[in-house]
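S.K.: The following block contains the structure, expressed as structure tokens.
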Amino acid sequence: MNELLKKAEVLIEALPYIQRFNRKIIVVKYGGSAMVDEELKQHVIQDVTLLKLVGFKPIIVHGGGKEISRWVEKAGMEPEFVNGLRKTDEATMEIAEMVLNKVNKSLVKLVQELGVNAVGISGKDGGMLKVEKKYSNGQDIGYVGEITQVNPQILYDLLEKDFLPIVCPVGIDDDYNTYNINADDAAYSIAKAVHAEKLAFLSDIEGVYRDYEDKSSLITALTVDQANELIESGAISGGMIPKLQNCVGAIENGVSRVHILDGRIPHCLLLEIFTKKGIGTAILRNGEED
């Protein structure tokens with residue numbers, strides 16, 4: 001009986017969050033280890049499917065970097081990165097698009113198996129993600145795109161028809177050339193365009209640390225001003241800088257709350273959204289409390 005009561009308490013705790021976010025759009029950037037570990041992959045898909053079934057409107061934006069690197073190596077090529085960005089020549093772009101579409105349809109299959117209708121699309125579909133060539137500190141890194149425009153109409157249409165959209169980060173420029181897009185950037189831009197209530201980044205770290213070497217310095221909540229102070233002070237570095245900048249940009253452009261979550265923790269999305277304590281790091285508007 002005690003076990004049953006505990007389950008009931010969990011459901012009651014989740015009730016106000018279900019009411020608050022009912023019919024609201026939530027964008028989930030899905031990447032890292034949770035994409036290559038089959039058990040974690042199943043947990044993420046279960047989480048997003050549950051969000052859909054209790055009345056949320058989730059959109060998944062996925063990466064595929066590890067899988068792309070594996071196929072580039074299988075093709076006898078060496079993956080090359082410049083300042084953390086994949087250098088993408090024409091051959092690499094062809095492999096990247098093939099792999100991302102393969103990953104995309106595998107995620108669609110997993111969602112469908114749980115009884116929810118999903119549609120996999122790329123940023124090229126419906127001209128959703130328009131880009132221009134991205135440079136890394138002035139250096140040409142090939143077919144890597146900087147998003148200049150998002151046309152969210154196809155996403156609205158799918159959500160209205162009760163589908164779960166799953167987006168792979170590929171876009172086109174004004175001359176219809178195909179470009180690879182950083183998945184964090186794609187998720188951030190899409191969240192802005194659809195006025196999402198929440199944006200969640202699933203990654204391979206617990207969240208934002210005041211001192212990365214000290215794992216006890218995890219920050220559970222940051223306001224926009226506090227996040228900017230961390231960036232400007234040099235307290236954070238590497239790939240966390242653009243991720244945190246995307247978080248700040250999302251809040252400043254109307255997204256109510258942004259989360260950086262450890263995708264290696266089973267059911268991290270449910271723990272963050274449906275419990276008072278939550279996990280990871282939440283980025284909030286100035287003056288808001290966690």
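Going through the structure tokens in order, the chains are called A, B, and so on, while each chain numbers its residues from 1 and the ligands are numbered from 1 in the order shown.
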Which polymer residues have any atom within 8 Å of an atom of segment 210-226 of chain A, counting only C-alpha atoms, with same-chain residues fewer than 2 positions away left out, as a VMD selection string?

M.R.: chain A and resid 206 to 208 228 to 230 235 to 236 248 251 279 to 288 290

S.K.: Please provide the set of residues having any atom within 9 Å of Ala200 of chain A, restricted to only C-alpha atoms, with same-chain residues fewer than 4 positions apart removed, written as a PyMOL selection string.

M.R.: chain A and resi 26-30+187+257-261+269

S.K.: Residues near segment 124-132 of chain A, anyone? I mean within 9 Å using only C-alpha atoms, not counting same-chain ones fewer than 6 positions away, as a ChimeraX atom specification.

M.R.: /A:144-155,169-174,176,178-179,181,186,189-190

S.K.: Output N, CA, C and O atoms for every residue in that selection, as a tab-separated table (two decimals), in the first residue's frame.

M.R.:
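Writing done, so here's out_26.tsv:
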```tsv
chain	number	residue	atom	x	y	z
A	144	VAL	N	28.57	24.90	-43.22
A	144	VAL	CA	28.02	25.06	-41.88
A	144	VAL	C	27.20	26.34	-41.89
A	144	VAL	O	27.70	27.39	-42.30
A	145	GLY	N	25.95	26.24	-41.48
A	145	GLY	CA	25.02	27.36	-41.64
A	145	GLY	C	24.73	28.13	-40.38
A	145	GLY	O	24.66	27.57	-39.29
A	146	GLU	N	24.56	29.44	-40.55
A	146	GLU	CA	24.08	30.34	-39.49
A	146	GLU	C	22.63	30.66	-39.82
A	146	GLU	O	22.33	31.14	-40.92
A	147	ILE	N	21.72	30.39	-38.91
A	147	ILE	CA	20.29	30.59	-39.19
A	147	ILE	C	19.98	32.07	-39.30
A	147	ILE	O	20.30	32.86	-38.41
A	148	THR	N	19.33	32.43	-40.40
A	148	THR	CA	18.93	33.83	-40.61
A	148	THR	C	17.43	34.02	-40.50
A	148	THR	O	16.94	35.11	-40.24
A	149	GLN	N	16.67	32.92	-40.71
A	149	GLN	CA	15.21	33.04	-40.71
A	149	GLN	C	14.59	31.69	-40.40
A	149	GLN	O	15.07	30.65	-40.86
A	150	VAL	N	13.53	31.70	-39.59
A	150	VAL	CA	12.77	30.48	-39.30
A	150	VAL	C	11.33	30.70	-39.75
A	150	VAL	O	10.69	31.67	-39.36
A	151	ASN	N	10.84	29.78	-40.57
A	151	ASN	CA	9.42	29.80	-40.95
A	151	ASN	C	8.74	28.65	-40.19
A	151	ASN	O	8.85	27.49	-40.58
A	152	PRO	N	8.04	28.96	-39.10
A	152	PRO	CA	7.51	27.90	-38.24
A	152	PRO	C	6.18	27.31	-38.70
A	152	PRO	O	5.61	26.45	-38.01
A	153	GLN	N	5.67	27.72	-39.86
A	153	GLN	CA	4.32	27.32	-40.25
A	153	GLN	C	4.14	25.81	-40.30
A	153	GLN	O	3.12	25.28	-39.85
A	154	ILE	N	5.14	25.09	-40.83
A	154	ILE	CA	5.01	23.64	-40.92
A	154	ILE	C	4.93	23.02	-39.52
A	154	ILE	O	4.21	22.03	-39.31
A	155	LEU	N	5.62	23.61	-38.56
A	155	LEU	CA	5.57	23.11	-37.17
A	155	LEU	C	4.19	23.37	-36.57
A	155	LEU	O	3.61	22.48	-35.93
A	169	PRO	N	18.70	19.15	-37.97
A	169	PRO	CA	19.22	20.50	-38.19
A	169	PRO	C	19.99	20.66	-39.50
A	169	PRO	O	21.22	20.77	-39.52
A	170	VAL	N	19.24	20.70	-40.58
A	170	VAL	CA	19.80	20.96	-41.91
A	170	VAL	C	18.99	22.09	-42.52
A	170	VAL	O	17.77	22.13	-42.38
A	171	GLY	N	19.66	23.05	-43.15
A	171	GLY	CA	18.95	24.17	-43.75
A	171	GLY	C	19.46	24.49	-45.14
A	171	GLY	O	20.37	23.83	-45.66
A	172	ILE	N	18.86	25.50	-45.75
A	172	ILE	CA	19.25	25.92	-47.10
A	172	ILE	C	19.48	27.42	-47.13
A	172	ILE	O	18.88	28.17	-46.36
A	173	ASP	N	20.38	27.84	-48.04
A	173	ASP	CA	20.61	29.28	-48.20
A	173	ASP	C	19.76	29.81	-49.35
A	173	ASP	O	18.92	29.09	-49.91
A	174	ASP	N	19.96	31.06	-49.71
A	174	ASP	CA	19.14	31.68	-50.76
A	174	ASP	C	19.35	31.04	-52.12
A	174	ASP	O	18.51	31.18	-53.02
A	176	TYR	N	19.73	27.78	-52.40
A	176	TYR	CA	19.26	26.39	-52.17
A	176	TYR	C	20.40	25.40	-51.97
A	176	TYR	O	20.24	24.20	-52.24
A	178	THR	N	22.67	23.20	-49.42
A	178	THR	CA	22.37	22.55	-48.15
A	178	THR	C	23.48	22.79	-47.14
A	178	THR	O	24.66	22.67	-47.47
A	179	TYR	N	23.09	23.11	-45.89
A	179	TYR	CA	24.06	23.39	-44.84
A	179	TYR	C	23.73	22.61	-43.56
A	179	TYR	O	22.56	22.44	-43.21
A	181	ILE	N	23.67	22.49	-39.52
A	181	ILE	CA	23.43	23.52	-38.50
A	181	ILE	C	23.70	22.91	-37.13
A	181	ILE	O	23.30	21.77	-36.86
A	186	ALA	N	19.81	25.43	-33.72
A	186	ALA	CA	18.53	25.14	-34.36
A	186	ALA	C	17.41	25.11	-33.32
A	186	ALA	O	16.33	25.69	-33.52
A	189	SER	N	16.68	28.70	-32.10
A	189	SER	CA	15.98	29.51	-33.11
A	189	SER	C	14.53	29.07	-33.27
A	189	SER	O	13.63	29.90	-33.43
A	190	ILE	N	14.30	27.76	-33.23
A	190	ILE	CA	12.94	27.24	-33.35
A	190	ILE	C	12.11	27.62	-32.13
A	190	ILE	O	10.94	28.03	-32.24
```

S.K.: Would you please work out which residue, of A:Ile241, A:Phe21, A:Ala91, A:Leu202, is nearest to Met35 of chain A when using only C-alpha atoms?

M.R.: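 Selected residue with least distance to Met35 of chain A: A:Leu202.
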
S.K.: When you draw a straight line from atom CA of Val44 of chain A to atom CA of Lys109 of chain A, how long is it in Å?

M.R.: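 Distance reported for this atom pair: 13.5 Å.
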
S.K.: From a backbone DSSP assignment, name each residue in segment 83-207 of chain A labelled strand (DSSP E or B), as an mmCIF file with N, CA and C atoms, in the first residue's frame.

M.R.:
```
data_model
loop_
_atom_site.group_PDB
_atom_site.id
_atom_site.type_symbol
_atom_site.label_atom_id
_atom_site.label_comp_id
_atom_site.auth_asym_id
_atom_site.auth_seq_id
_atom_site.Cartn_x
_atom_site.Cartn_y
_atom_site.Cartn_z
ATOM 1 N N LEU A 85 33.586 23.515 -34.119
ATOM 2 C CA LEU A 85 32.609 23.339 -35.198
ATOM 3 C C LEU A 85 33.160 22.388 -36.253
ATOM 4 N N ARG A 86 32.294 21.475 -36.716
ATOM 5 C CA ARG A 86 32.722 20.499 -37.717
ATOM 6 C C ARG A 86 32.988 21.182 -39.059
ATOM 7 N N THR A 88 32.928 21.180 -42.749
ATOM 8 C CA THR A 88 32.004 20.374 -43.559
ATOM 9 C C THR A 88 32.174 20.684 -45.037
ATOM 10 N N ALA A 118 4.229 10.734 -34.995
ATOM 11 C CA ALA A 118 5.351 11.660 -35.146
ATOM 12 C C ALA A 118 5.646 11.853 -36.625
ATOM 13 N N VAL A 119 6.192 13.025 -36.948
ATOM 14 C CA VAL A 119 6.625 13.313 -38.322
ATOM 15 C C VAL A 119 8.045 13.851 -38.276
ATOM 16 N N GLY A 120 8.943 13.223 -39.020
ATOM 17 C CA GLY A 120 10.322 13.679 -39.092
ATOM 18 C C GLY A 120 10.506 14.643 -40.255
ATOM 19 N N ILE A 121 11.080 15.793 -39.984
ATOM 20 C CA ILE A 121 11.314 16.787 -41.034
ATOM 21 C C ILE A 121 12.721 17.355 -40.875
ATOM 22 N N SER A 122 13.227 17.940 -41.943
ATOM 23 C CA SER A 122 14.490 18.669 -41.844
ATOM 24 C C SER A 122 14.192 20.149 -42.003
ATOM 25 N N LEU A 129 14.165 26.400 -42.163
ATOM 26 C CA LEU A 129 15.397 27.009 -41.663
ATOM 27 C C LEU A 129 16.212 27.579 -42.823
ATOM 28 N N LYS A 130 16.224 28.898 -42.921
ATOM 29 C CA LYS A 130 17.037 29.585 -43.921
ATOM 30 C C LYS A 130 18.370 29.949 -43.268
ATOM 31 N N VAL A 131 19.459 29.778 -44.003
ATOM 32 C CA VAL A 131 20.779 30.020 -43.411
ATOM 33 C C VAL A 131 21.667 30.818 -44.362
ATOM 34 N N GLU A 132 22.764 31.295 -43.795
ATOM 35 C CA GLU A 132 23.872 31.799 -44.587
ATOM 36 C C GLU A 132 25.136 31.109 -44.080
ATOM 37 N N LYS A 133 26.193 31.163 -44.873
ATOM 38 C CA LYS A 133 27.431 30.491 -44.489
ATOM 39 C C LYS A 133 27.964 31.048 -43.174
ATOM 40 N N LYS A 134 28.340 30.130 -42.281
ATOM 41 C CA LYS A 134 28.885 30.519 -40.984
ATOM 42 C C LYS A 134 30.409 30.445 -41.039
ATOM 43 N N TYR A 135 31.065 31.441 -40.474
ATOM 44 C CA TYR A 135 32.522 31.454 -40.396
ATOM 45 C C TYR A 135 32.940 31.305 -38.935
ATOM 46 N N SER A 136 34.071 30.675 -38.717
ATOM 47 C CA SER A 136 34.591 30.512 -37.366
ATOM 48 C C SER A 136 35.818 31.409 -37.194
ATOM 49 N N GLN A 139 37.294 32.145 -40.385
ATOM 50 C CA GLN A 139 37.773 31.004 -41.164
ATOM 51 C C GLN A 139 36.609 30.272 -41.830
ATOM 52 N N ASP A 140 36.761 29.955 -43.113
ATOM 53 C CA ASP A 140 35.739 29.225 -43.863
ATOM 54 C C ASP A 140 35.732 27.767 -43.406
ATOM 55 N N ILE A 141 34.593 27.312 -42.896
ATOM 56 C CA ILE A 141 34.497 25.920 -42.432
ATOM 57 C C ILE A 141 33.528 25.112 -43.285
ATOM 58 N N GLY A 142 33.264 25.604 -44.496
ATOM 59 C CA GLY A 142 32.474 24.832 -45.449
ATOM 60 C C GLY A 142 30.978 25.010 -45.277
ATOM 61 N N TYR A 143 30.243 23.922 -45.430
ATOM 62 C CA TYR A 143 28.782 23.968 -45.430
ATOM 63 C C TYR A 143 28.222 23.899 -44.009
ATOM 64 N N VAL A 144 28.570 24.901 -43.225
ATOM 65 C CA VAL A 144 28.025 25.064 -41.877
ATOM 66 C C VAL A 144 27.199 26.340 -41.893
ATOM 67 N N GLY A 145 25.946 26.243 -41.482
ATOM 68 C CA GLY A 145 25.025 27.361 -41.645
ATOM 69 C C GLY A 145 24.728 28.131 -40.381
ATOM 70 N N GLU A 146 24.565 29.438 -40.547
ATOM 71 C CA GLU A 146 24.084 30.345 -39.493
ATOM 72 C C GLU A 146 22.631 30.661 -39.823
ATOM 73 N N ILE A 147 21.720 30.386 -38.911
ATOM 74 C CA ILE A 147 20.295 30.585 -39.193
ATOM 75 C C ILE A 147 19.976 32.070 -39.302
ATOM 76 N N THR A 148 19.327 32.432 -40.401
ATOM 77 C CA THR A 148 18.928 33.825 -40.606
ATOM 78 C C THR A 148 17.425 34.017 -40.499
ATOM 79 N N GLN A 149 16.673 32.923 -40.708
ATOM 80 C CA GLN A 149 15.212 33.042 -40.706
ATOM 81 C C GLN A 149 14.585 31.687 -40.397
ATOM 82 N N VAL A 150 13.529 31.700 -39.595
ATOM 83 C CA VAL A 150 12.769 30.481 -39.301
ATOM 84 C C VAL A 150 11.330 30.698 -39.748
ATOM 85 N N LEU A 164 3.730 14.930 -33.432
ATOM 86 C CA LEU A 164 4.929 15.338 -32.708
ATOM 87 C C LEU A 164 6.035 15.563 -33.742
ATOM 88 N N PRO A 165 6.435 16.809 -33.973
ATOM 89 C CA PRO A 165 7.485 17.067 -34.979
ATOM 90 C C PRO A 165 8.871 16.704 -34.437
ATOM 91 N N ILE A 166 9.675 16.055 -35.286
ATOM 92 C CA ILE A 166 11.061 15.733 -34.946
ATOM 93 C C ILE A 166 11.936 16.330 -36.044
ATOM 94 N N VAL A 167 12.773 17.290 -35.666
ATOM 95 C CA VAL A 167 13.485 18.127 -36.637
ATOM 96 C C VAL A 167 14.970 17.790 -36.666
ATOM 97 N N CYS A 168 15.508 17.562 -37.879
ATOM 98 C CA CYS A 168 16.959 17.425 -37.997
ATOM 99 C C CYS A 168 17.543 18.749 -38.509
ATOM 100 N N VAL A 170 19.243 20.705 -40.580
ATOM 101 C CA VAL A 170 19.805 20.955 -41.907
ATOM 102 C C VAL A 170 18.995 22.094 -42.520
ATOM 103 N N GLY A 171 19.661 23.047 -43.151
ATOM 104 C CA GLY A 171 18.953 24.171 -43.750
ATOM 105 C C GLY A 171 19.458 24.492 -45.138
ATOM 106 N N ILE A 172 18.859 25.501 -45.745
ATOM 107 C CA ILE A 172 19.249 25.918 -47.102
ATOM 108 C C ILE A 172 19.482 27.422 -47.126
ATOM 109 N N THR A 178 22.675 23.200 -49.421
ATOM 110 C CA THR A 178 22.366 22.549 -48.145
ATOM 111 C C THR A 178 23.483 22.788 -47.138
ATOM 112 N N TYR A 179 23.088 23.108 -45.892
ATOM 113 C CA TYR A 179 24.061 23.390 -44.841
ATOM 114 C C TYR A 179 23.728 22.612 -43.565
ATOM 115 N N ASN A 180 24.772 22.158 -42.894
ATOM 116 C CA ASN A 180 24.644 21.564 -41.573
ATOM 117 C C ASN A 180 24.505 22.693 -40.543
ATOM 118 N N LYS A 198 8.889 26.400 -22.895
ATOM 119 C CA LYS A 198 10.127 25.860 -22.350
ATOM 120 C C LYS A 198 11.055 25.409 -23.472
ATOM 121 N N LEU A 199 12.354 25.495 -23.183
ATOM 122 C CA LEU A 199 13.392 24.946 -24.057
ATOM 123 C C LEU A 199 14.326 24.142 -23.173
ATOM 124 N N ALA A 200 14.526 22.873 -23.496
ATOM 125 C CA ALA A 200 15.395 22.004 -22.694
ATOM 126 C C ALA A 200 16.536 21.482 -23.556
ATOM 127 N N PHE A 201 17.765 21.695 -23.095
ATOM 128 C CA PHE A 201 18.955 21.163 -23.762
ATOM 129 C C PHE A 201 19.410 19.912 -23.018
ATOM 130 N N LEU A 202 19.375 18.761 -23.684
ATOM 131 C CA LEU A 202 19.909 17.529 -23.108
ATOM 132 C C LEU A 202 21.361 17.390 -23.540
ATOM 133 N N SER A 203 22.265 17.297 -22.561
ATOM 134 C CA SER A 203 23.690 17.241 -22.886
ATOM 135 C C SER A 203 24.382 16.202 -22.016
#
```

S.K.: Which is closest to Ala96 of chain A among A:Glu38, A:Leu51, A:Gln19, A:Asn182, if we use only C-alpha atoms?

M.R.: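 Once distances to Ala96 of chain A are computed over only C-alpha atoms, the minimum belongs to A:Asn182.
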
S.K.: Just how far from atom CA of Gly65 of chain A is atom CA of Asp262 of chain A, in Å to one decimal?

M.R.: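 Between atom CA of Asp262 of chain A and atom CA of Gly65 of chain A the gap works out to 17.2 Å.
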